[in-house]
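Novice: File name data.cif; file contents mmCIF, C-alpha atoms; full text below.
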data_protein
loop_
_atom_site.label_atom_id
_atom_site.label_comp_id
_atom_site.auth_asym_id
_atom_site.auth_seq_id
_atom_site.Cartn_x
_atom_site.Cartn_y
_atom_site.Cartn_z
CA MET B 1 30.75 69.34 131.25
CA ALA B 2 27.89 70.72 129.22
CA GLU B 3 25.68 70.83 132.29
CA ALA B 4 26.39 73.88 134.42
CA ASN B 5 26.16 73.27 138.13
CA ARG B 6 22.89 74.91 139.08
CA GLY B 7 22.00 73.20 142.33
CA GLU B 8 25.07 73.03 144.49
CA ARG B 9 26.64 76.38 143.98
CA PRO B 10 27.39 78.37 147.13
CA LEU B 11 24.52 80.57 148.24
CA SER B 12 24.98 84.27 148.68
CA PRO B 13 25.10 85.10 152.38
CA HIS B 14 21.86 85.65 154.27
CA LEU B 15 22.87 88.85 155.96
CA THR B 16 20.68 88.54 159.07
CA ILE B 17 22.33 85.29 160.19
CA TYR B 18 25.69 85.78 158.54
CA ARG B 19 28.68 85.89 160.89
CA PRO B 20 30.70 89.00 160.06
CA GLN B 21 34.17 88.14 158.81
CA ILE B 22 37.04 90.38 157.89
CA THR B 23 36.80 89.29 154.24
CA SER B 24 33.15 90.29 153.94
CA ILE B 25 33.53 93.45 156.04
CA SER B 26 36.50 94.65 153.98
CA SER B 27 34.54 94.05 150.78
CA ILE B 28 31.50 95.97 152.02
CA LEU B 29 33.72 98.81 153.25
CA THR B 30 35.28 99.10 149.79
CA ARG B 31 31.85 99.66 148.28
CA ILE B 32 30.72 102.09 150.98
CA THR B 33 33.89 104.20 150.87
CA GLY B 34 34.03 104.25 147.06
CA ASN B 35 30.47 105.44 146.68
CA ALA B 36 30.53 107.82 149.62
CA LEU B 37 33.53 109.64 148.14
CA ILE B 38 31.18 111.29 145.62
CA VAL B 39 30.23 113.66 148.46
CA THR B 40 33.88 114.67 148.80
CA ALA B 41 34.24 115.09 145.04
CA VAL B 42 31.18 117.35 144.88
CA LEU B 43 32.44 119.44 147.82
CA ILE B 44 35.92 119.90 146.31
CA VAL B 45 34.54 120.82 142.88
CA TRP B 46 32.14 123.28 144.51
CA TRP B 47 35.09 124.81 146.40
CA LEU B 48 37.10 125.09 143.14
CA LEU B 49 34.16 126.63 141.30
CA ALA B 50 33.72 129.14 144.12
CA ALA B 51 37.43 130.03 143.96
CA ALA B 52 37.10 130.57 140.21
CA THR B 53 33.99 132.72 140.58
CA SER B 54 34.64 135.40 143.19
CA ALA B 55 36.24 136.17 146.53
CA ASP B 56 32.83 136.32 148.23
CA TYR B 57 31.70 132.98 146.89
CA PHE B 58 35.05 131.44 147.84
CA ALA B 59 34.69 132.76 151.39
CA THR B 60 31.34 130.94 151.68
CA ALA B 61 32.57 127.61 150.29
CA ASP B 62 35.85 127.81 152.20
CA ALA B 63 33.98 128.52 155.45
CA VAL B 64 31.96 125.31 154.95
CA LEU B 65 35.00 123.16 154.09
CA THR B 66 37.12 124.48 156.95
CA SER B 67 34.38 124.51 159.61
CA TRP B 68 34.43 121.76 162.25
CA PHE B 69 31.89 119.89 160.18
CA GLY B 70 33.97 120.34 157.03
CA ASP B 71 37.02 119.11 158.92
CA LEU B 72 35.06 116.07 160.05
CA VAL B 73 33.89 115.32 156.48
CA MET B 74 37.38 115.84 155.05
CA THR B 75 39.02 113.64 157.70
CA LEU B 76 36.47 110.87 157.11
CA SER B 77 37.04 111.31 153.36
CA LEU B 78 40.74 110.91 153.89
CA LEU B 79 40.15 107.72 155.86
CA GLY B 80 37.73 106.56 153.17
CA ILE B 81 40.02 107.27 150.24
CA TRP B 82 43.07 105.66 151.85
CA TYR B 83 41.02 102.60 152.72
CA HIS B 84 39.60 102.40 149.20
CA TYR B 85 43.10 102.95 147.83
CA LEU B 86 44.59 100.03 149.77
CA ALA B 87 41.59 97.82 149.06
CA GLY B 88 41.95 98.64 145.36
CA LEU B 89 45.61 97.62 145.42
CA ARG B 90 44.52 94.43 147.16
CA HIS B 91 42.03 93.78 144.35
CA LEU B 92 44.74 94.24 141.73
CA TYR B 93 46.82 91.71 143.70
CA PHE B 94 43.83 89.32 143.89
CA ASP B 95 43.18 89.75 140.17
CA ALA B 96 46.72 88.67 139.44
CA GLY B 97 45.86 85.41 141.21
CA HIS B 98 47.72 86.03 144.47
CA GLY B 99 46.72 86.25 148.11
CA LEU B 100 43.51 84.27 147.76
CA GLU B 101 44.27 81.75 150.52
CA LEU B 102 41.89 82.43 153.40
CA GLU B 103 44.60 83.29 155.89
CA THR B 104 46.40 85.69 153.53
CA ALA B 105 43.12 87.30 152.45
CA GLU B 106 42.15 87.88 156.08
CA ARG B 107 45.53 89.34 156.89
CA LEU B 108 45.31 91.65 153.86
CA GLY B 109 41.86 92.80 155.02
CA TRP B 110 43.26 93.87 158.38
CA ALA B 111 46.23 95.45 156.61
CA CYS B 112 43.84 97.66 154.62
CA ILE B 113 41.97 98.84 157.70
CA ILE B 114 45.04 99.46 159.84
CA GLY B 115 46.96 100.89 156.87
CA ALA B 116 44.16 103.37 156.17
CA VAL B 117 44.25 104.65 159.75
CA VAL B 118 48.04 104.96 159.65
CA LEU B 119 48.04 106.74 156.27
CA THR B 120 45.29 109.11 157.40
CA THR B 121 47.27 110.04 160.50
CA LEU B 122 50.42 110.52 158.44
CA THR B 123 48.57 112.69 155.90
CA ILE B 124 47.16 114.90 158.63
CA ILE B 125 50.64 115.30 160.13
CA ILE B 126 52.42 115.97 156.82
CA VAL B 127 49.74 118.00 154.99
CA MET Q 1 17.09 72.33 130.54
CA ARG Q 2 18.86 73.83 127.59
CA TYR Q 3 21.05 71.59 125.53
CA LEU Q 4 24.12 73.77 125.39
CA THR Q 5 27.60 72.48 125.01
CA ALA Q 6 30.35 73.94 127.17
CA ARG Q 7 31.82 75.58 124.13
CA LYS Q 8 28.53 77.22 123.19
CA ARG Q 9 28.14 78.55 126.73
CA ALA Q 10 31.54 80.17 126.62
CA GLU Q 11 31.16 81.70 123.19
CA GLY Q 12 30.44 85.36 122.64
CA LYS Q 13 30.82 87.77 125.51
CA GLY Q 14 29.05 85.98 128.34
CA ALA Q 15 26.17 87.11 130.53
CA ALA Q 16 27.38 90.70 130.59
CA HIS Q 17 27.20 90.85 126.77
CA THR Q 18 30.22 93.11 126.85
CA GLY Q 19 32.71 90.55 128.10
CA THR Q 20 35.19 91.81 130.66
CA GLU Q 21 35.25 95.37 129.34
CA HIS Q 22 33.71 96.91 132.46
CA HIS Q 23 36.11 95.13 134.79
CA TRP Q 24 39.05 96.01 132.58
CA HIS Q 25 38.05 99.68 132.64
CA MET Q 26 37.94 99.63 136.44
CA LYS Q 27 41.40 98.12 136.47
CA ILE Q 28 42.86 100.73 134.11
CA SER Q 29 41.36 103.65 136.01
CA SER Q 30 42.38 102.19 139.38
CA VAL Q 31 46.01 101.90 138.31
CA GLY Q 32 45.88 105.50 137.05
CA LEU Q 33 44.33 106.72 140.28
CA ALA Q 34 46.89 104.80 142.34
CA PHE Q 35 49.48 107.24 140.99
CA LEU Q 36 47.32 110.37 140.86
CA VAL Q 37 45.47 110.29 144.17
CA PRO Q 38 48.43 110.59 146.59
CA VAL Q 39 49.75 113.57 144.60
CA PHE Q 40 46.32 115.17 144.56
CA ILE Q 41 45.84 114.63 148.31
CA TYR Q 42 49.11 116.47 148.86
CA ILE Q 43 48.19 119.37 146.52
CA PHE Q 44 44.64 119.77 147.80
CA GLY Q 45 45.60 119.24 151.43
CA ARG Q 46 48.17 122.00 151.17
CA ALA Q 47 45.78 124.35 149.35
CA LEU Q 48 42.82 123.87 151.68
CA GLY Q 49 42.86 126.44 154.45
CA GLN Q 50 44.82 129.03 152.49
CA GLY Q 51 43.44 132.36 151.33
CA HIS Q 52 41.66 133.02 148.06
CA GLU Q 53 44.71 134.50 146.29
CA ALA Q 54 46.97 131.62 147.36
CA VAL Q 55 44.45 129.03 146.17
CA LEU Q 56 44.16 130.77 142.79
CA ASP Q 57 47.95 130.83 142.50
CA ILE Q 58 48.26 127.11 143.24
CA PHE Q 59 45.65 125.95 140.74
CA ALA Q 60 46.88 128.34 138.05
CA ARG Q 61 50.21 126.48 138.01
CA PRO Q 62 50.43 123.70 135.39
CA PHE Q 63 51.26 120.71 137.60
CA PRO Q 64 48.53 121.11 140.26
CA ALA Q 65 45.99 122.03 137.58
CA ILE Q 66 46.80 119.06 135.33
CA VAL Q 67 46.85 116.57 138.23
CA THR Q 68 43.51 117.92 139.48
CA GLY Q 69 42.02 117.69 135.98
CA LEU Q 70 43.22 114.11 135.57
CA VAL Q 71 41.95 113.07 138.99
CA LEU Q 72 38.57 114.56 138.08
CA VAL Q 73 38.23 112.85 134.71
CA VAL Q 74 39.69 109.47 135.68
CA GLY Q 75 38.17 109.54 139.18
CA MET Q 76 34.66 110.37 138.03
CA GLN Q 77 34.76 107.68 135.35
CA HIS Q 78 35.95 105.21 137.98
CA PHE Q 79 33.11 106.34 140.27
CA SER Q 80 30.55 106.15 137.46
CA LYS Q 81 31.45 102.57 136.54
CA GLY Q 82 31.87 101.52 140.17
CA ALA Q 83 28.51 102.95 141.24
CA GLN Q 84 26.95 101.21 138.25
CA ILE Q 85 28.10 97.85 139.63
CA MET Q 86 26.44 98.64 142.95
CA ILE Q 87 23.20 99.69 141.24
CA GLU Q 88 23.18 96.52 139.14
CA ASP Q 89 23.50 94.50 142.35
CA TYR Q 90 20.56 96.11 144.13
CA ALA Q 91 18.14 97.59 141.60
CA ARG Q 92 16.14 96.02 138.79
CA GLY Q 93 14.02 97.06 135.82
CA PHE Q 94 13.15 100.73 135.50
CA TRP Q 95 15.07 101.85 138.59
CA ARG Q 96 18.23 100.13 137.47
CA LYS Q 97 18.22 102.09 134.20
CA ALA Q 98 17.12 105.37 135.80
CA LEU Q 99 19.79 105.21 138.51
CA ILE Q 100 22.58 104.28 136.09
CA ILE Q 101 21.64 107.21 133.86
CA ALA Q 102 21.54 109.51 136.89
CA VAL Q 103 24.99 108.38 138.06
CA ILE Q 104 26.53 108.86 134.61
CA ALA Q 105 24.93 112.31 134.31
CA LEU Q 106 26.14 113.29 137.79
CA SER Q 107 29.68 112.09 137.02
CA TRP Q 108 29.94 114.13 133.84
CA THR Q 109 28.38 117.18 135.49
CA VAL Q 110 30.94 117.10 138.31
CA THR Q 111 33.75 116.58 135.77
CA ALA Q 112 32.59 119.44 133.53
CA THR Q 113 32.09 121.80 136.47
CA GLY Q 114 35.55 121.04 137.85
CA LEU Q 115 37.24 121.45 134.48
CA PHE Q 116 35.41 124.75 133.93
CA ALA Q 117 36.62 125.99 137.31
CA LEU Q 118 40.21 124.93 136.54
CA ALA Q 119 40.10 126.60 133.13
CA LYS Q 120 38.75 129.80 134.60
CA ILE Q 121 41.43 129.85 137.30
CA ALA Q 122 44.19 129.17 134.77
CA LEU Q 123 43.11 131.86 132.30
#
Render the structure in this file as structure tokens.
Specialist:
Amino acid sequence: MAEANRGERPLSPHLTIYRPQITSISSILTRITGNALIVTAVLIVWWLLAAATSADYFATADAVLTSWFGDLVMTLSLLGIWYHYLAGLRHLYFDAGHGLELETAERLGWACIIGAVVLTTLTIIIV
Amino acid sequence: MRYLTARKRAEGKGAAHTGTEHHWHMKISSVGLAFLVPVFIYIFGRALGQGHEAVLDIFARPFPAIVTGLVLVVGMQHFSKGAQIMIEDYARGFWRKALIIAVIALSWTVTATGLFALAKIAL
């Protein structure tokens, strides 16, 4: 009891020989999307600041956000935020002690990825 | 080997020294964002692509302005704490501290800038 298990604990994966699995991929994607969304946040705040400043400044920022490149960034952001959203809900579900069986966890991982694509498409159609 | 009893090992606030505070904060902000983000996506998605006057009108209204402000504050705190976890996983020593400080500074700068813009539009 007093002796913590120091020798036989599972090793962290060696990425070069690690077989990709939906559980690991969905976890990595959560981190990537969450951190990448700072780019979106900065762009939106810049756009708001430009709107608050002057018509000229707004025209510049708006041109960037609505250009083909801006559209690409915003669509990817949408995909990223919906994925992160679903993955976050999944984490709340995990934290409550549910869905941790391998099969359920794998199914939830796919649900996040497919759900994000569906929600992104719906958002583009509705908004 | 350290002669620690199981009880002694569990006492205090663990290896993080702050207990589960960080995790708990991520949970609180994630639940908040779960409600805010879909509304904000709708507001921002509708506003983007409209003219300058229309955009000013939208964000001068209370509901869009308050939702945007909340998403900014809660979202940037969520980002700040989340990015900190990533930094703690990959960086050590000086860089760990420097990067965490940079992320916190960036988060507050983005928040302050956004709130300033909202205030200016509203007034």
Novice: If the PyMOL selection byres ((chain Q and resi 31-48) around 7) is run on the structure shown, which residues does it catch, given as a short mmCIF file (atom, residue, chain, number, x, y, z; two decimals) with C-alpha atoms, keeping the file's coordinate frame?
Specialist:
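In the end it all went to result.cif:
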data_model
loop_
_atom_site.label_atom_id
_atom_site.label_comp_id
_atom_site.auth_asym_id
_atom_site.auth_seq_id
_atom_site.Cartn_x
_atom_site.Cartn_y
_atom_site.Cartn_z
CA TYR B 85 43.10 102.95 147.83
CA VAL B 127 49.74 118.00 154.99
CA LYS Q 27 41.40 98.12 136.47
CA ILE Q 28 42.86 100.73 134.11
CA SER Q 29 41.36 103.65 136.01
CA SER Q 30 42.38 102.19 139.38
CA GLY Q 49 42.86 126.44 154.45
CA GLN Q 50 44.82 129.03 152.49
CA VAL Q 55 44.45 129.03 146.17
CA PRO Q 64 48.53 121.11 140.26
CA VAL Q 67 46.85 116.57 138.23
CA THR Q 68 43.51 117.92 139.48
CA VAL Q 71 41.95 113.07 138.99
CA GLY Q 75 38.17 109.54 139.18
#
Novice: Which residues, named as in the file, does the PyMOL selection byres ((chain B) within 6 of (chain Q)) pick out? Answer as an MDAnalysis selection string.
Specialist: chainID B and resid 2 45 48:49 52 127
Novice: If the PyMOL selection byres ((chain B and resi 25-37) around 6) were run on this exact file, what residues would it hold? Put them as a list in words.
Specialist: Ile22, Thr23, Ser24, Ile38, Val39, Thr40, Gly80, His84 and Gly109 of chain B
Novice: Please measure the separation of atom CA of Trp24 of chain Q and atom CA of Gln21 of chain B, giving the value in Å to one decimal.
Specialist: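 That distance, rounded to one decimal, is 27.8 Å.
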Novice: What is the distance, in Å and to one decimal place, between atom CA of Gly88 of chain B and atom CA of Gly19 of chain Q?
Specialist: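 Interatomic distance, atom CA of Gly88 of chain B to atom CA of Gly19 of chain Q: 21.2 Å.
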Novice: For segment 13-88 of chain B against segment 117-121 of chain B, with a cut-off of 12 Å and counting all atoms listed in the file, what is the closest atom pair and its distance in Å to one decimal for every residue that makes the cut, ordered by chain and number, as a Markdown table?
Specialist:
| residue | atom | partner | partner_atom | distance |
| --- | --- | --- | --- | --- |
| B:Met74 | CA | B:Thr120 | CA | 10.6 |
| B:Thr75 | CA | B:Thr120 | CA | 7.7 |
| B:Leu76 | CA | B:Thr120 | CA | 9.0 |
| B:Ser77 | CA | B:Thr120 | CA | 9.4 |
| B:Leu78 | CA | B:Thr120 | CA | 6.0 |
| B:Leu79 | CA | B:Thr120 | CA | 5.5 |
| B:Gly80 | CA | B:Thr120 | CA | 9.0 |
| B:Ile81 | CA | B:Thr120 | CA | 9.1 |
| B:Trp82 | CA | B:Leu119 | CA | 6.7 |
| B:Tyr83 | CA | B:Val117 | CA | 8.0 |
| B:His84 | CA | B:Val117 | CA | 11.7 |
| B:Tyr85 | CA | B:Leu119 | CA | 10.5 |
| B:Leu86 | CA | B:Leu119 | CA | 10.0 |
Novice: Please compute the atom CA of Ala102 of chain Q-atom CA of Gln84 of chain Q distance, one decimal, in Å.
Specialist: 10.0 Å
Novice: Have a look at B:Ala87, B:Leu72, B:Leu92, B:Ala50 and name the one nearest to Ile114 of chain B; count only C-alpha atoms.
Specialist: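 Smallest distance to Ile114 of chain B is found for B:Ala87.
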Novice: Mind giving me the axis-aligned box for segment 95-112 of chain Q with 3 Å on every side, centre plus edges in Å to one decimal, as JSON?
Specialist:
{"center_x": 24.4, "center_y": 109.8, "center_z": 136.1, "size_x": 24.7, "size_y": 25.3, "size_z": 11.1}
Novice: With all atoms listed in the file as the counted atoms, please give the residues lying no more than 7 Å from Ile100 of chain Q, apart from itself and same-chain residues fewer than 4 positions off, as a PyMOL selection string.
Specialist: chain Q and resi 84+87+96+104
Novice: For segment 25-126 of chain B in the structure I just supplied, write out C-alpha atoms - as a PDB file, in the first residue's frame.
Specialist:
ATOM      1  CA  ILE B  25      -6.078  10.656 -32.451  1.00  0.00           C
ATOM      2  CA  SER B  26      -9.209  12.218 -30.925  1.00  0.00           C
ATOM      3  CA  SER B  27      -7.199  13.298 -27.882  1.00  0.00           C
ATOM      4  CA  ILE B  28      -4.461  14.897 -29.991  1.00  0.00           C
ATOM      5  CA  LEU B  29      -7.060  16.617 -32.178  1.00  0.00           C
ATOM      6  CA  THR B  30      -8.659  18.142 -29.082  1.00  0.00           C
ATOM      7  CA  ARG B  31      -5.351  19.737 -28.147  1.00  0.00           C
ATOM      8  CA  ILE B  32      -4.569  20.915 -31.679  1.00  0.00           C
ATOM      9  CA  THR B  33      -8.012  22.428 -32.288  1.00  0.00           C
ATOM     10  CA  GLY B  34      -8.181  24.075 -28.858  1.00  0.00           C
ATOM     11  CA  ASN B  35      -4.830  25.778 -29.210  1.00  0.00           C
ATOM     12  CA  ALA B  36      -5.218  26.647 -32.881  1.00  0.00           C
ATOM     13  CA  LEU B  37      -8.454  28.514 -32.140  1.00  0.00           C
ATOM     14  CA  ILE B  38      -6.381  31.378 -30.685  1.00  0.00           C
ATOM     15  CA  VAL B  39      -5.763  32.405 -34.308  1.00  0.00           C
ATOM     16  CA  THR B  40      -9.518  32.685 -34.837  1.00  0.00           C
ATOM     17  CA  ALA B  41      -9.954  34.620 -31.593  1.00  0.00           C
ATOM     18  CA  VAL B  42      -7.257  37.115 -32.573  1.00  0.00           C
ATOM     19  CA  LEU B  43      -8.785  37.563 -36.044  1.00  0.00           C
ATOM     20  CA  ILE B  44     -12.303  38.154 -34.681  1.00  0.00           C
ATOM     21  CA  VAL B  45     -11.092  40.621 -32.043  1.00  0.00           C
ATOM     22  CA  TRP B  46      -9.064  42.452 -34.693  1.00  0.00           C
ATOM     23  CA  TRP B  47     -12.186  42.619 -36.876  1.00  0.00           C
ATOM     24  CA  LEU B  48     -14.242  43.995 -33.938  1.00  0.00           C
ATOM     25  CA  LEU B  49     -11.562  46.552 -33.083  1.00  0.00           C
ATOM     26  CA  ALA B  50     -11.468  47.654 -36.725  1.00  0.00           C
ATOM     27  CA  ALA B  51     -15.267  48.025 -36.738  1.00  0.00           C
ATOM     28  CA  ALA B  52     -15.043  50.150 -33.593  1.00  0.00           C
ATOM     29  CA  THR B  53     -12.266  52.323 -35.013  1.00  0.00           C
ATOM     30  CA  SER B  54     -13.283  53.527 -38.465  1.00  0.00           C
ATOM     31  CA  ALA B  55     -14.963  52.578 -41.730  1.00  0.00           C
ATOM     32  CA  ASP B  56     -11.596  52.446 -43.519  1.00  0.00           C
ATOM     33  CA  TYR B  57     -10.006  50.173 -40.959  1.00  0.00           C
ATOM     34  CA  PHE B  58     -13.097  47.945 -40.984  1.00  0.00           C
ATOM     35  CA  ALA B  59     -12.906  47.665 -44.769  1.00  0.00           C
ATOM     36  CA  THR B  60      -9.330  46.360 -44.458  1.00  0.00           C
ATOM     37  CA  ALA B  61     -10.080  43.804 -41.725  1.00  0.00           C
ATOM     38  CA  ASP B  62     -13.344  42.736 -43.350  1.00  0.00           C
ATOM     39  CA  ALA B  63     -11.574  42.238 -46.692  1.00  0.00           C
ATOM     40  CA  VAL B  64      -9.119  39.850 -45.000  1.00  0.00           C
ATOM     41  CA  LEU B  65     -11.816  37.881 -43.146  1.00  0.00           C
ATOM     42  CA  THR B  66     -14.089  37.567 -46.169  1.00  0.00           C
ATOM     43  CA  SER B  67     -11.375  36.827 -48.745  1.00  0.00           C
ATOM     44  CA  TRP B  68     -11.013  33.231 -49.966  1.00  0.00           C
ATOM     45  CA  PHE B  69      -8.235  32.772 -47.451  1.00  0.00           C
ATOM     46  CA  GLY B  70     -10.381  34.243 -44.675  1.00  0.00           C
ATOM     47  CA  ASP B  71     -13.209  31.935 -45.691  1.00  0.00           C
ATOM     48  CA  LEU B  72     -10.828  28.987 -45.541  1.00  0.00           C
ATOM     49  CA  VAL B  73      -9.579  29.997 -42.060  1.00  0.00           C
ATOM     50  CA  MET B  74     -13.115  30.605 -40.790  1.00  0.00           C
ATOM     51  CA  THR B  75     -14.410  27.293 -42.168  1.00  0.00           C
ATOM     52  CA  LEU B  76     -11.496  25.407 -40.606  1.00  0.00           C
ATOM     53  CA  SER B  77     -12.136  27.324 -37.365  1.00  0.00           C
ATOM     54  CA  LEU B  78     -15.743  26.237 -37.472  1.00  0.00           C
ATOM     55  CA  LEU B  79     -14.685  22.626 -37.941  1.00  0.00           C
ATOM     56  CA  GLY B  80     -12.139  23.054 -35.152  1.00  0.00           C
ATOM     57  CA  ILE B  81     -14.520  24.637 -32.669  1.00  0.00           C
ATOM     58  CA  TRP B  82     -17.297  22.100 -33.277  1.00  0.00           C
ATOM     59  CA  TYR B  83     -14.832  19.267 -32.884  1.00  0.00           C
ATOM     60  CA  HIS B  84     -13.414  20.774 -29.695  1.00  0.00           C
ATOM     61  CA  TYR B  85     -16.963  21.387 -28.496  1.00  0.00           C
ATOM     62  CA  LEU B  86     -18.005  17.755 -28.932  1.00  0.00           C
ATOM     63  CA  ALA B  87     -14.719  16.469 -27.523  1.00  0.00           C
ATOM     64  CA  GLY B  88     -15.220  18.733 -24.501  1.00  0.00           C
ATOM     65  CA  LEU B  89     -18.689  17.313 -23.921  1.00  0.00           C
ATOM     66  CA  ARG B  90     -17.144  13.859 -24.216  1.00  0.00           C
ATOM     67  CA  HIS B  91     -14.605  14.801 -21.537  1.00  0.00           C
ATOM     68  CA  LEU B  92     -17.366  15.969 -19.208  1.00  0.00           C
ATOM     69  CA  TYR B  93     -19.046  12.595 -19.806  1.00  0.00           C
ATOM     70  CA  PHE B  94     -15.749  10.766 -19.136  1.00  0.00           C
ATOM     71  CA  ASP B  95     -15.188  12.822 -15.982  1.00  0.00           C
ATOM     72  CA  ALA B  96     -18.541  11.698 -14.667  1.00  0.00           C
ATOM     73  CA  GLY B  97     -17.205   8.146 -14.945  1.00  0.00           C
ATOM     74  CA  HIS B  98     -19.120   7.065 -18.046  1.00  0.00           C
ATOM     75  CA  GLY B  99     -18.142   5.841 -21.491  1.00  0.00           C
ATOM     76  CA  LEU B 100     -14.677   4.639 -20.522  1.00  0.00           C
ATOM     77  CA  GLU B 101     -15.053   1.108 -21.913  1.00  0.00           C
ATOM     78  CA  LEU B 102     -12.781   0.806 -24.936  1.00  0.00           C
ATOM     79  CA  GLU B 103     -15.580   0.160 -27.401  1.00  0.00           C
ATOM     80  CA  THR B 104     -17.710   3.075 -26.177  1.00  0.00           C
ATOM     81  CA  ALA B 105     -14.702   5.409 -26.070  1.00  0.00           C
ATOM     82  CA  GLU B 106     -13.805   4.509 -29.650  1.00  0.00           C
ATOM     83  CA  ARG B 107     -17.365   5.026 -30.811  1.00  0.00           C
ATOM     84  CA  LEU B 108     -17.487   8.414 -29.051  1.00  0.00           C
ATOM     85  CA  GLY B 109     -14.235   9.403 -30.778  1.00  0.00           C
ATOM     86  CA  TRP B 110     -15.759   8.751 -34.193  1.00  0.00           C
ATOM     87  CA  ALA B 111     -18.932  10.524 -33.096  1.00  0.00           C
ATOM     88  CA  CYS B 112     -16.897  13.666 -32.359  1.00  0.00           C
ATOM     89  CA  ILE B 113     -15.196  13.652 -35.753  1.00  0.00           C
ATOM     90  CA  ILE B 114     -18.317  12.890 -37.775  1.00  0.00           C
ATOM     91  CA  GLY B 115     -20.441  15.179 -35.589  1.00  0.00           C
ATOM     92  CA  ALA B 116     -18.023  18.069 -36.160  1.00  0.00           C
ATOM     93  CA  VAL B 117     -18.280  17.679 -39.934  1.00  0.00           C
ATOM     94  CA  VAL B 118     -22.080  17.497 -39.759  1.00  0.00           C
ATOM     95  CA  LEU B 119     -22.354  20.526 -37.453  1.00  0.00           C
ATOM     96  CA  THR B 120     -19.959  22.534 -39.626  1.00  0.00           C
ATOM     97  CA  THR B 121     -22.039  21.786 -42.711  1.00  0.00           C
ATOM     98  CA  LEU B 122     -25.242  22.678 -40.874  1.00  0.00           C
ATOM     99  CA  THR B 123     -23.731  25.940 -39.599  1.00  0.00           C
ATOM    100  CA  ILE B 124     -22.638  26.949 -43.087  1.00  0.00           C
ATOM    101  CA  ILE B 125     -26.136  26.204 -44.414  1.00  0.00           C
ATOM    102  CA  ILE B 126     -28.012  27.979 -41.596  1.00  0.00           C
TER     103      ILE B 126
END
